[in-house]
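**Q** File protein-v9.txt follows (compact mmCIF, C-alpha atoms):
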```
# COMPACT_ATOMS: atom_id res chain seq x y z
CA MET A 1499 3.47 -20.43 18.73
CA LEU A 1500 3.09 -17.33 20.86
CA ALA A 1501 5.69 -18.68 23.23
CA LEU A 1502 8.05 -19.25 20.31
CA ALA A 1503 7.35 -15.73 19.15
CA ALA A 1504 8.21 -14.48 22.60
CA VAL A 1505 11.56 -16.22 22.42
CA ALA A 1506 12.21 -14.81 18.97
CA LEU A 1507 11.33 -11.31 20.05
CA SER A 1508 13.43 -11.34 23.18
CA GLY A 1509 16.76 -11.50 21.36
CA CYS A 1510 18.37 -10.52 18.08
CA ALA A 1511 16.75 -11.94 14.98
CA THR A 1512 17.67 -11.97 11.33
CA LEU A 1513 15.01 -10.20 9.31
CA LYS A 1514 14.52 -10.99 5.65
CA LEU A 1515 12.46 -8.75 3.41
CA GLY A 1516 9.59 -10.50 1.66
CA ASP A 1517 9.22 -10.56 -2.10
CA HIS A 1518 7.89 -7.34 -3.57
CA GLN A 1519 4.17 -7.44 -4.40
CA PRO A 1520 2.79 -5.07 -7.03
CA ALA A 1521 -0.09 -2.88 -5.84
CA LEU A 1522 -3.25 -2.22 -7.85
CA ASP A 1523 -2.62 1.55 -7.93
CA THR A 1524 0.85 0.96 -9.34
CA LEU A 1525 -0.41 -1.49 -11.92
CA VAL A 1526 -3.17 0.87 -13.09
CA ALA A 1527 -0.78 3.85 -13.13
CA LEU A 1528 1.71 1.97 -15.29
CA ARG A 1529 -0.99 0.68 -17.61
CA GLU A 1530 -2.34 4.18 -18.14
CA SER A 1531 1.07 5.90 -18.27
CA GLY A 1532 1.47 5.49 -22.02
CA ILE A 1533 5.00 4.19 -21.59
CA ALA A 1534 6.40 1.48 -23.82
CA ALA A 1535 7.42 -1.91 -22.49
CA LEU A 1536 10.89 -1.62 -20.96
CA SER A 1537 13.87 -3.83 -20.33
CA VAL A 1538 15.83 -3.54 -17.10
CA GLY A 1539 19.60 -3.17 -17.03
CA GLU A 1540 22.12 -3.11 -14.21
CA PHE A 1541 21.24 -1.91 -10.72
CA LYS A 1542 24.23 -1.37 -8.45
CA LEU A 1543 25.66 0.73 -5.67
CA GLY A 1544 26.51 4.32 -6.54
CA SER A 1545 30.22 4.89 -7.16
CA GLY A 1546 32.35 5.88 -4.18
CA LEU A 1547 29.85 4.59 -1.59
CA SER A 1548 30.58 2.00 1.05
CA PRO A 1549 29.65 -1.55 -0.06
CA ASP A 1550 27.89 -1.90 3.31
CA LEU A 1551 25.19 0.44 2.04
CA ASP A 1552 24.12 -2.19 -0.49
CA LYS A 1553 24.55 -5.28 1.68
CA HIS A 1554 23.78 -4.45 5.29
CA GLN A 1555 20.80 -2.85 6.94
CA SER A 1556 19.50 -3.28 10.46
CA SER A 1557 16.89 -2.28 12.99
CA ARG A 1558 18.18 -2.01 16.56
CA GLY A 1559 20.98 -4.43 15.81
CA ASN A 1560 18.76 -6.95 14.04
CA PRO A 1561 20.20 -7.41 10.53
CA ILE A 1562 17.82 -6.98 7.61
CA TYR A 1563 18.54 -8.87 4.41
CA PRO A 1564 16.93 -8.77 0.99
CA PRO A 1565 15.35 -12.03 -0.19
CA ALA A 1566 17.51 -14.65 -1.89
CA GLY A 1567 20.69 -13.11 -0.49
CA SER A 1568 20.81 -10.40 -3.10
CA THR A 1569 21.84 -6.78 -2.59
CA PHE A 1570 19.44 -3.95 -1.84
CA SER A 1571 20.03 -2.49 -5.31
CA GLY A 1572 19.20 -5.98 -6.62
CA TYR A 1573 16.01 -5.95 -4.56
CA LEU A 1574 15.07 -2.60 -6.09
CA ARG A 1575 15.69 -4.08 -9.55
CA ASP A 1576 13.60 -7.17 -8.78
CA SER A 1577 10.80 -4.95 -7.47
CA LEU A 1578 10.84 -2.86 -10.65
CA ILE A 1579 10.71 -5.98 -12.84
CA SER A 1580 7.84 -7.34 -10.77
CA ASP A 1581 5.84 -4.12 -11.27
CA LEU A 1582 6.58 -3.93 -14.99
CA LYS A 1583 5.61 -7.58 -15.51
CA ALA A 1584 2.36 -7.11 -13.61
CA ALA A 1585 1.47 -4.16 -15.82
CA GLY A 1586 2.51 -5.93 -19.03
CA LYS A 1587 5.33 -3.40 -19.49
CA PHE A 1588 8.38 -5.68 -19.34
CA ASP A 1589 10.15 -6.68 -22.54
CA LEU A 1590 13.73 -7.93 -22.63
CA ALA A 1591 13.96 -6.90 -26.29
CA SER A 1592 12.76 -3.34 -25.73
CA PRO A 1593 14.94 -0.51 -27.10
CA TRP A 1594 14.36 1.27 -23.77
CA SER A 1595 16.33 0.03 -20.76
CA ILE A 1596 16.32 1.29 -17.17
CA GLN A 1597 19.38 1.18 -14.96
CA ALA A 1598 20.03 2.62 -11.53
CA GLN A 1599 22.57 3.22 -8.78
CA LEU A 1600 21.59 3.08 -5.13
CA THR A 1601 22.60 6.32 -3.41
CA GLU A 1602 20.83 6.30 -0.03
CA ASN A 1603 19.85 3.37 2.18
CA ASN A 1604 19.39 4.63 5.74
CA LEU A 1605 17.09 3.30 8.45
CA SER A 1606 16.87 4.51 12.03
CA THR A 1607 14.66 2.88 14.69
CA GLY A 1608 14.69 5.35 17.57
CA MET A 1609 12.91 5.11 20.92
CA SER A 1610 10.27 7.66 19.95
CA SER A 1611 10.53 7.97 16.19
CA GLY A 1612 11.79 6.07 13.20
CA GLU A 1613 13.01 7.43 9.90
CA LEU A 1614 14.46 6.26 6.63
CA ALA A 1615 15.85 7.49 3.36
CA LEU A 1616 16.07 5.37 0.23
CA GLY A 1617 17.35 6.91 -2.97
CA ALA A 1618 18.66 6.02 -6.38
CA ASN A 1619 19.88 7.61 -9.59
CA PHE A 1620 17.79 6.26 -12.44
CA GLN A 1621 18.67 6.38 -16.12
CA VAL A 1622 16.73 5.30 -19.18
CA ILE A 1623 18.90 4.35 -22.14
CA ARG A 1624 17.59 4.20 -25.70
CA SER A 1625 19.81 3.21 -28.61
CA GLY A 1626 22.89 3.92 -26.52
CA SER A 1627 21.78 7.40 -25.48
CA VAL A 1628 20.63 8.50 -22.04
CA VAL A 1629 17.10 9.83 -22.55
CA PHE A 1630 16.23 10.20 -18.85
CA GLU A 1631 18.34 10.71 -15.77
CA LYS A 1632 17.09 11.67 -12.32
CA HIS A 1633 17.85 11.19 -8.65
CA ILE A 1634 14.74 10.09 -6.75
CA LEU A 1635 14.60 10.01 -2.96
CA GLN A 1636 11.98 8.43 -0.70
CA SER A 1637 11.98 9.65 2.91
CA ASP A 1638 9.66 8.52 5.68
CA SER A 1639 9.25 9.03 9.41
CA TRP A 1640 6.88 7.50 11.96
CA ASP A 1641 6.17 7.22 15.67
CA SER A 1642 8.31 4.46 17.13
CA SER A 1643 8.35 2.75 20.53
CA PHE A 1644 10.89 1.86 23.19
CA VAL A 1645 9.52 -1.72 23.00
CA GLY A 1646 11.51 -3.56 20.36
CA ALA A 1647 8.69 -5.98 19.64
CA ILE A 1648 6.66 -3.00 18.40
CA ALA A 1649 9.41 -0.84 16.95
CA ILE A 1650 11.36 -3.41 14.92
CA PRO A 1651 8.49 -4.89 12.86
CA GLN A 1652 7.16 -1.36 12.37
CA ALA A 1653 10.54 -0.19 11.02
CA MET A 1654 10.78 -3.28 8.85
CA ASN A 1655 7.37 -2.55 7.32
CA HIS A 1656 8.18 1.08 6.60
CA TYR A 1657 11.51 0.03 5.10
CA GLY A 1658 9.87 -2.55 2.80
CA GLN A 1659 7.22 -0.05 1.71
CA ALA A 1660 9.91 2.51 0.86
CA TYR A 1661 10.85 0.44 -2.21
CA ASN A 1662 7.24 0.65 -3.48
CA SER A 1663 7.09 4.36 -2.77
CA LEU A 1664 10.41 5.08 -4.48
CA LEU A 1665 9.34 3.23 -7.61
CA SER A 1666 5.90 4.88 -7.56
CA LYS A 1667 7.66 8.26 -7.70
CA LEU A 1668 9.62 7.08 -10.74
CA TYR A 1669 6.46 5.86 -12.51
CA ALA A 1670 4.67 9.13 -11.81
CA ASP A 1671 7.56 11.30 -13.02
CA ALA A 1672 6.48 13.30 -16.08
CA ASP A 1673 10.00 13.30 -17.55
CA PHE A 1674 10.25 9.52 -17.13
CA ARG A 1675 6.92 9.02 -18.87
CA ALA A 1676 7.90 11.32 -21.69
CA ALA A 1677 11.26 9.59 -22.16
CA CYS A 1678 9.60 6.16 -22.28
CA SER A 1679 6.54 7.19 -24.25
CA ALA A 1680 5.35 4.56 -26.70
CA LYS A 1681 4.01 7.33 -28.96
CA PRO A 1682 6.39 8.47 -31.73
CA LYS A 1683 7.67 12.01 -31.19
CA MET B 953 8.94 -19.99 13.62
CA SER B 954 8.68 -16.27 12.99
CA ARG B 955 5.93 -16.69 10.43
CA TRP B 956 3.18 -15.21 12.53
CA ILE B 957 5.18 -12.65 14.49
CA TRP B 958 4.52 -9.95 11.97
CA THR B 959 0.88 -10.70 11.26
CA GLY B 960 -0.15 -10.56 14.88
CA ALA B 961 2.58 -8.46 16.42
CA LYS B 962 0.43 -7.25 19.28
CA LEU B 963 -0.64 -10.78 20.15
CA ALA B 964 2.97 -11.92 20.15
CA LEU B 965 3.92 -8.88 22.18
CA VAL B 966 1.54 -9.86 24.92
CA ALA B 967 3.04 -13.34 24.97
CA ALA B 968 6.53 -11.89 25.11
CA LEU B 969 5.73 -9.59 27.97
CA CYS B 970 3.82 -12.20 29.93
CA GLY B 971 7.12 -13.96 30.32
CA GLY B 972 6.96 -16.37 27.43
CA SER B 973 5.23 -18.92 29.65
CA GLY B 974 4.42 -21.52 27.02
CA GLY B 975 0.79 -22.43 26.61
CA CYS B 976 -0.60 -19.40 28.47
CA ALA B 977 -2.03 -17.72 25.36
CA THR B 978 -5.22 -18.88 23.67
CA LEU B 979 -6.50 -17.54 20.36
CA TYR B 980 -10.11 -17.06 19.34
CA VAL B 981 -11.45 -16.17 15.89
CA ASP B 982 -14.38 -13.77 16.08
CA ASN B 983 -17.71 -15.34 15.05
CA ALA B 984 -19.33 -12.20 13.62
CA LEU B 985 -18.37 -12.95 10.03
CA GLY B 986 -18.35 -16.76 9.94
CA ASP B 987 -17.94 -19.04 6.95
CA THR B 988 -19.27 -18.34 3.46
CA PRO B 989 -20.86 -21.42 1.88
CA LEU B 990 -19.77 -22.11 -1.70
CA SER B 991 -23.41 -21.78 -2.74
CA ALA B 992 -23.36 -18.11 -1.70
CA TYR B 993 -21.08 -17.08 -4.56
CA HIS B 994 -22.69 -15.73 -7.72
CA ARG B 995 -20.60 -17.72 -10.16
CA PRO B 996 -20.58 -16.58 -13.78
CA ALA B 997 -21.71 -19.02 -16.43
CA THR B 998 -18.25 -18.88 -17.97
CA PRO B 999 -15.60 -17.94 -15.41
CA LYS B 1000 -12.67 -15.88 -16.76
CA PRO B 1001 -9.00 -15.86 -15.80
CA VAL B 1002 -7.89 -13.00 -13.59
CA GLN B 1003 -4.61 -11.40 -12.58
CA THR B 1004 -4.47 -11.55 -8.80
CA LEU B 1005 -2.65 -9.17 -6.48
CA PHE B 1006 -2.38 -9.50 -2.71
CA VAL B 1007 -0.86 -7.24 -0.09
CA PHE B 1008 -0.91 -7.63 3.70
CA LYS B 1009 -0.56 -4.37 5.59
CA THR B 1010 -0.02 -3.48 9.22
CA LYS B 1011 -1.66 -0.22 10.23
CA GLY B 1012 -1.80 0.84 6.59
CA VAL B 1013 1.87 0.11 5.88
CA ASP B 1014 2.86 -2.70 3.51
CA ASN B 1015 4.09 -5.73 5.44
CA VAL B 1016 6.08 -7.61 2.82
CA ARG B 1017 7.02 -10.47 5.13
CA ALA B 1018 3.43 -11.13 6.16
CA THR B 1019 2.34 -10.80 2.53
CA THR B 1020 4.76 -13.52 1.54
CA VAL B 1021 3.70 -15.96 4.24
CA THR B 1022 -0.08 -15.45 3.98
CA ARG B 1023 -0.27 -15.24 0.19
CA LYS B 1024 -0.94 -18.93 -0.42
CA ASP B 1025 -3.84 -19.07 2.06
CA VAL B 1026 -5.50 -16.07 0.43
CA LEU B 1027 -5.03 -17.34 -3.11
CA ASP B 1028 -6.36 -20.77 -2.09
CA THR B 1029 -9.59 -19.08 -1.01
CA VAL B 1030 -9.88 -17.26 -4.35
CA GLN B 1031 -9.28 -20.51 -6.21
CA GLN B 1032 -11.83 -22.41 -4.12
CA SER B 1033 -14.51 -19.80 -4.79
CA GLY B 1034 -14.79 -20.96 -8.40
CA LEU B 1035 -15.39 -17.36 -9.53
CA PHE B 1036 -12.43 -17.42 -11.91
CA SER B 1037 -11.13 -20.02 -14.35
CA ALA B 1038 -7.50 -19.30 -13.44
CA ILE B 1039 -5.62 -16.97 -11.11
CA GLY B 1040 -2.03 -15.79 -11.19
CA PRO B 1041 0.34 -12.82 -10.99
CA ASP B 1042 0.58 -12.20 -14.74
CA PRO B 1043 -1.72 -10.01 -16.85
CA VAL B 1044 -4.63 -11.71 -18.61
CA PRO B 1045 -5.85 -10.91 -22.15
CA ASP B 1046 -8.84 -8.73 -21.20
CA GLY B 1047 -6.97 -6.95 -18.38
CA ALA B 1048 -9.11 -8.28 -15.50
CA VAL B 1049 -7.46 -7.67 -12.12
CA LEU B 1050 -8.44 -8.79 -8.63
CA SER B 1051 -6.66 -6.98 -5.81
CA ILE B 1052 -6.93 -8.14 -2.19
CA THR B 1053 -5.56 -6.10 0.71
CA VAL B 1054 -5.74 -7.22 4.34
CA ASP B 1055 -4.81 -4.53 6.85
CA ASN B 1056 -4.04 -5.48 10.47
CA VAL B 1057 -5.41 -2.50 12.40
CA PRO B 1058 -5.29 -1.63 16.09
CA ILE B 1059 -8.23 -2.48 18.29
CA THR B 1060 -6.17 -3.03 21.41
CA SER B 1061 -3.33 -0.52 20.94
CA PRO B 1062 0.25 -1.86 21.00
CA GLN B 1063 0.96 0.19 24.13
CA GLU B 1064 -2.13 -1.17 25.88
CA ALA B 1065 -1.23 -4.70 24.77
CA ALA B 1066 2.27 -4.25 26.18
CA ALA B 1067 0.90 -3.08 29.51
CA LYS B 1068 -1.57 -5.96 29.71
CA GLY B 1069 1.06 -8.53 28.80
CA PHE B 1070 3.48 -7.12 31.32
CA ALA B 1071 0.87 -7.25 34.09
CA THR B 1072 0.00 -10.84 33.23
CA GLY B 1073 3.67 -11.82 33.27
CA LEU B 1074 4.27 -10.02 36.53
CA THR B 1075 1.52 -11.99 38.26
CA LEU B 1076 2.59 -15.29 36.64
CA GLY B 1077 -0.67 -15.45 34.72
CA LEU B 1078 -3.04 -14.87 37.64
CA ALA B 1079 -4.13 -11.50 36.23
CA GLY B 1080 -5.31 -12.56 32.79
CA SER B 1081 -5.44 -10.31 29.74
CA GLU B 1082 -7.41 -10.13 26.53
CA VAL B 1083 -6.26 -8.29 23.42
CA THR B 1084 -7.89 -8.02 20.01
CA ASP B 1085 -6.37 -7.64 16.55
CA GLY B 1086 -8.62 -6.19 13.85
CA TYR B 1087 -8.37 -6.97 10.16
CA VAL B 1088 -9.85 -4.92 7.31
CA CYS B 1089 -10.02 -6.71 3.98
CA THR B 1090 -10.49 -4.62 0.85
CA ILE B 1091 -11.17 -6.42 -2.41
CA GLU B 1092 -11.09 -4.50 -5.67
CA TYR B 1093 -11.98 -6.02 -9.01
CA ILE B 1094 -11.54 -4.49 -12.45
CA PRO B 1095 -13.44 -6.78 -14.87
CA ALA B 1096 -11.52 -5.57 -17.94
CA THR B 1097 -9.16 -2.80 -19.03
CA GLY B 1098 -10.98 0.51 -18.73
CA ALA B 1099 -13.96 -0.94 -16.82
CA ASN B 1100 -15.21 0.55 -13.57
CA LYS B 1101 -13.75 -0.91 -10.39
CA ILE B 1102 -15.88 -2.94 -7.96
CA SER B 1103 -14.75 -2.38 -4.38
CA VAL B 1104 -15.88 -4.08 -1.16
CA THR B 1105 -14.64 -4.03 2.43
CA GLU B 1106 -15.01 -6.65 5.18
CA HIS B 1107 -13.95 -6.61 8.83
CA HIS B 1108 -12.72 -9.42 11.07
CA ALA B 1109 -10.98 -9.88 14.43
CA ILE B 1110 -8.80 -12.30 16.37
CA HIS B 1111 -8.89 -12.24 20.16
CA ALA B 1112 -6.16 -13.59 22.43
CA THR B 1113 -6.41 -14.34 26.12
CA ILE B 1114 -3.32 -14.68 28.26
CA GLY B 1115 -3.23 -16.25 31.69
CA ALA B 1116 -6.36 -16.70 33.79
CA HIS B 1117 -8.97 -15.01 31.60
CA SER B 1118 -12.35 -16.23 30.47
CA ALA B 1119 -12.98 -16.95 26.78
CA PRO B 1120 -14.32 -13.97 24.81
CA ALA B 1121 -18.00 -14.08 23.89
CA ASN B 1122 -18.98 -14.86 20.31
CA ALA B 1123 -15.61 -16.29 19.29
CA THR B 1124 -14.26 -19.74 18.42
CA ARG B 1125 -11.06 -21.09 19.91
CA ALA B 1126 -8.31 -21.70 17.34
CA PRO B 1127 -6.05 -24.71 17.84
CA THR B 1128 -2.92 -22.68 17.04
CA MET B 1129 -2.03 -19.09 16.18
CA GLN B 1130 -1.19 -20.18 12.64
CA GLU B 1131 -4.56 -21.88 12.26
CA GLY B 1132 -6.37 -18.87 13.74
CA VAL B 1133 -4.84 -16.48 11.20
CA LYS B 1134 -5.57 -18.94 8.41
CA ILE B 1135 -9.25 -19.22 9.41
CA MET B 1136 -9.57 -15.44 9.73
CA LEU B 1137 -8.04 -14.87 6.28
CA HIS B 1138 -10.25 -17.49 4.66
CA GLN B 1139 -13.43 -16.09 6.22
CA VAL B 1140 -12.74 -12.43 5.49
CA VAL B 1141 -11.60 -13.00 1.90
CA ALA B 1142 -14.48 -15.39 1.16
CA ALA B 1143 -17.03 -12.87 2.47
CA GLY B 1144 -15.49 -10.15 0.29
CA LEU B 1145 -15.49 -12.35 -2.79
CA LYS B 1146 -19.14 -13.17 -2.24
CA ASP B 1147 -19.99 -9.46 -2.20
CA VAL B 1148 -17.87 -8.79 -5.29
CA SER B 1149 -19.65 -11.60 -7.14
CA SER B 1150 -23.02 -10.11 -6.13
CA ASP B 1151 -22.27 -6.86 -7.93
CA PRO B 1152 -24.18 -6.69 -11.26
CA ALA B 1153 -20.99 -5.49 -12.96
CA PHE B 1154 -19.06 -8.62 -11.94
CA ASP B 1155 -20.27 -10.81 -14.79
CA GLN B 1156 -20.21 -8.31 -17.63
```
Starting from the coordinates I provided, produce the structure as structure tokens.

**A**
Amino acid sequence: MLALAAVALSGCATLKLGDHQPALDTLVALRESGIAALSVGEFKLGSGLSPDLDKHQSSRGNPIYPPAGSTFSGYLRDSLISDLKAAGKFDLASPWSIQAQLTENNLSTGMSSGELALGANFQVIRSGSVVFEKHILQSDSWDSSFVGAIAIPQAMNHYGQAYNSLLSKLYADADFRAACSAKPK
Amino acid sequence: MSRWIWTGAKLALVAALCGGSGGCATLYVDNALGDTPLSAYHRPATPKPVQTLFVFKTKGVDNVRATTVTRKDVLDTVQQSGLFSAIGPDPVPDGAVLSITVDNVPITSPQEAAAKGFATGLTLGLAGSEVTDGYVCTIEYIPATGANKISVTEHHAIHATIGAHSAPANATRAPTMQEGVKIMLHQVVAAGLKDVSSDPAFDQ
């Protein structure tokens, strides 16, 4: 198996993101947030941006794909649904619905450092009105390596975690919580 | 094929740099932790269902690929413990949650592993190498919504020798890399579950 790994690491490989897994901190934060159960609307690429931003990502020439051949905005949507379900906060019939547009999806795997930016415009719609709208950006940087076998998996991990971090920022946002509050105003 | 690349990147790296000479790498699971007999668990009289979360990390960063491929092995260990009546990703009525995190941490640094693997490859295996991957397993259990969290941590290691190198002391040879990781995960999660079940708050 190590020899097979060596072969795989010596050339270009196709990298597929794994399915999003809710974290305990996220689950507890959502449970205690006081927000109502939410439905999830359309997630797509921001207007005027290159379609490549939503479909192609790579680390040193190795293409990265979301699971099940979806788009990266679709992966963000699936991750959000997964978190909401885990916290018991997902309801298709909810009057609140979240939608988003992917605005940044950049990954760089340099010889000495790696960096990324993942961003989206989120809106919460209630009864046809926008009750929350905010651009949220997740940036990250780390020490990289000239050795691809170290640098590429490392970049892949940081990139996958960026989706969790971006959504955690949304869940922690005071305006988001207020807009989705289950308590009557 | 790539299943274990991301869980033991440093081990694979050594193999890559030693020239990919098939069969030169041997894996050993550290013996310090060992197996947990089923009788060691403090099973409740009436086991409850629990929502189960699992994340595999590499140096503290979520590794979603490794999480996906190791998830079944970890959940099998939880199921076999008999501590819960049912496990799954969805919330349960009383809000009980079991969270398992396994973090692959450096013991032999990636840079050191690269240098060792390169030297082994350069000498066609005559200068053997040994590298070690560490694993920190954190298990957190919230018995019900609003209850205090029980938290335990266990440590484990997998050693790999490349080329002409003696077997590490106090370790058991794994037939394959896949099997070695599976054994490590089972042992470290089982030991953590035993400690969680020993907490007086577990069965309340």

**Q** What does the structure give for the distance between atom CA of Ala977 of chain B and atom CA of Pro1058 of chain B, in Å to one decimal?

**A** 18.9 Å

**Q** Please indicate the distance in Å from atom CA of Val1645 of chain A to atom CA of Ser1611 of chain A, rounded to one decimal place.

**A** 11.9 Å

**Q** Calculate how many Å separate atom CA of Ser1592 of chain A from atom CA of Gly1626 of chain A, rounding to one decimal.

**A**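 Spanning atom CA of Ser1592 of chain A to atom CA of Gly1626 of chain A is a straight-line distance of 12.5 Å.
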
**Q** Name the residues in contact with segment 1647-1663 of chain A at a cut-off of 6 Å, using all atoms listed in the file, excluding same-chain residues fewer than 5 positions from it; report them as a PyMOL selection string.

**A** (chain A and resi 1507+1557+1642) or (chain B and resi 1014-1015)

**Q** For C-alpha atoms, I'd like the residues from the last selection saved as a CSV table (one decimal), in the coordinates of the input.

**A**
```csv
chain,number,residue,atom,x,y,z
A,1507,LEU,CA,11.3,-11.3,20.0
A,1557,SER,CA,16.9,-2.3,13.0
A,1642,SER,CA,8.3,4.5,17.1
B,1014,ASP,CA,2.9,-2.7,3.5
B,1015,ASN,CA,4.1,-5.7,5.4
```

**Q** Env of Ile1110 of chain B: 9 Å cut, atoms = all atoms listed in the file, seq-sep filter 2 positions within chain, self excluded. Answer as a PyMOL selection string.

**A** chain B and resi 960+979-982+1083-1087+1108+1112+1123+1132-1133+1136

**Q** Give me the residues within 7 Å of segment 1534-1536 of chain A as a PyMOL selection string, counting all atoms listed in the file and dropping any in the same chain fewer than 4 places off.

**A** chain A and resi 1587-1589+1592+1594-1595+1678-1680

**Q** Please provide the set of residues having any atom within 8 Å of Leu985 of chain B, restricted to only C-alpha atoms, with same-chain residues fewer than 5 positions apart removed, written as a short mmCIF file (atom, residue, chain, number, x, y, z; two decimals) with C-alpha atoms, keeping the file's coordinate frame.

**A**
```cif
data_model
loop_
_atom_site.label_atom_id
_atom_site.label_comp_id
_atom_site.auth_asym_id
_atom_site.auth_seq_id
_atom_site.Cartn_x
_atom_site.Cartn_y
_atom_site.Cartn_z
CA HIS B 1107 -13.95 -6.61 8.83
CA HIS B 1108 -12.72 -9.42 11.07
CA GLN B 1139 -13.43 -16.09 6.22
CA VAL B 1140 -12.74 -12.43 5.49
CA ALA B 1143 -17.03 -12.87 2.47
#
```

**Q** Of the candidates A:Met1609, A:Ala1527, A:Val1628, A:Leu1665, which one gets nearest to Asp1641 of chain A if we count only C-alpha atoms?

**A**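 Among the listed residues, A:Met1609 lies closest to Asp1641 of chain A.
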
**Q** Leaving out Asp1042 of chain B and any residue of its chain fewer than 2 positions from it, which residues lie within 6 Å of it when counting all atoms listed in the file, given as a list in words?

**A**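 In the requested form, the answer reads Ala1584 of chain A; Gln1003 and Gly1040 of chain B.
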
**Q** Give me the segment 1009-1060 of chain B side of the contact with segment 1149-1152 of chain B, cut-off 12 Å, one line per residue showing its nearest atom pair and distance in Å at one decimal, counting all atoms listed in the file, sorted by chain and residue number, as a tab-separated table.

**A**
```
residue	atom	partner	partner_atom	distance
B:Val1030	CA	B:Ser1149	CA	11.6
B:Ser1033	CA	B:Ser1149	CA	10.0
B:Gly1034	CA	B:Ser1149	CA	10.6
B:Leu1035	CA	B:Ser1149	CA	7.6
B:Phe1036	CA	B:Ser1149	CA	10.4
B:Leu1050	CA	B:Ser1149	CA	11.7
```

**Q** Could you check the closest approach to Pro1565 of chain A for each of B:Val1002, B:Arg1017, B:Ala992, B:Val1088 and tell me which residue wins, using all atoms listed in the file?

**A** B:Arg1017

**Q** Could you tell me which of A:Ala1618, A:Ala1585, A:Leu1551, A:Ala1672 comes closest to chain B if we count only C-alpha atoms?

**A** A:Ala1585

**Q** Which of these residues is nearest to chain A, using all atoms listed in the file: B:Thr1097, B:Thr1053, B:Thr1020, B:Thr1090?

**A** B:Thr1020

**Q** So, counting only C-alpha atoms, which residue among A:Ser1577, A:Val1622, A:Leu1543, A:Ile1596 is closest to Ala1521 of chain A?

**A** A:Ser1577

**Q** If I only have part of segment 1587-1597 of chain A, can you fill in N, CA, C and O atoms and write it as a JSON list (two decimals), in the coordinates of the input?

**A**
```json
[["chain", "number", "residue", "atom", "x", "y", "z"],
["A", 1587, "LYS", "N", 4.40, -4.40, -18.95],
["A", 1587, "LYS", "CA", 5.33, -3.40, -19.49],
["A", 1587, "LYS", "C", 6.78, -3.87, -19.43],
["A", 1587, "LYS", "O", 7.70, -3.03, -19.40],
["A", 1588, "PHE", "N", 7.01, -5.15, -19.39],
["A", 1588, "PHE", "CA", 8.38, -5.68, -19.34],
["A", 1588, "PHE", "C", 8.67, -6.42, -20.63],
["A", 1588, "PHE", "O", 7.92, -7.30, -21.04],
["A", 1589, "ASP", "N", 9.77, -6.04, -21.28],
["A", 1589, "ASP", "CA", 10.15, -6.68, -22.54],
["A", 1589, "ASP", "C", 11.67, -6.66, -22.65],
["A", 1589, "ASP", "O", 12.27, -5.60, -22.80],
["A", 1590, "LEU", "N", 12.26, -7.83, -22.58],
["A", 1590, "LEU", "CA", 13.73, -7.93, -22.63],
["A", 1590, "LEU", "C", 14.29, -7.37, -23.93],
["A", 1590, "LEU", "O", 15.45, -6.93, -23.98],
["A", 1591, "ALA", "N", 13.48, -7.37, -24.99],
["A", 1591, "ALA", "CA", 13.96, -6.90, -26.29],
["A", 1591, "ALA", "C", 13.65, -5.43, -26.54],
["A", 1591, "ALA", "O", 13.87, -4.92, -27.64],
["A", 1592, "SER", "N", 13.14, -4.74, -25.54],
["A", 1592, "SER", "CA", 12.76, -3.34, -25.73],
["A", 1592, "SER", "C", 13.97, -2.46, -26.03],
["A", 1592, "SER", "O", 15.05, -2.67, -25.44],
["A", 1593, "PRO", "N", 13.82, -1.45, -26.88],
["A", 1593, "PRO", "CA", 14.94, -0.51, -27.10],
["A", 1593, "PRO", "C", 15.18, 0.40, -25.90],
["A", 1593, "PRO", "O", 16.22, 1.04, -25.80],
["A", 1594, "TRP", "N", 14.19, 0.49, -24.99],
["A", 1594, "TRP", "CA", 14.36, 1.27, -23.77],
["A", 1594, "TRP", "C", 14.86, 0.36, -22.64],
["A", 1594, "TRP", "O", 14.34, -0.74, -22.45],
["A", 1595, "SER", "N", 15.83, 0.81, -21.90],
["A", 1595, "SER", "CA", 16.33, 0.03, -20.76],
["A", 1595, "SER", "C", 16.55, 0.95, -19.56],
["A", 1595, "SER", "O", 17.11, 2.05, -19.71],
["A", 1596, "ILE", "N", 16.12, 0.50, -18.40],
["A", 1596, "ILE", "CA", 16.32, 1.29, -17.17],
["A", 1596, "ILE", "C", 17.50, 0.73, -16.40],
["A", 1596, "ILE", "O", 17.63, -0.49, -16.25],
["A", 1597, "GLN", "N", 18.32, 1.60, -15.87],
["A", 1597, "GLN", "CA", 19.38, 1.18, -14.96],
["A", 1597, "GLN", "C", 19.40, 2.15, -13.78],
["A", 1597, "GLN", "O", 18.80, 3.23, -13.85]]
```
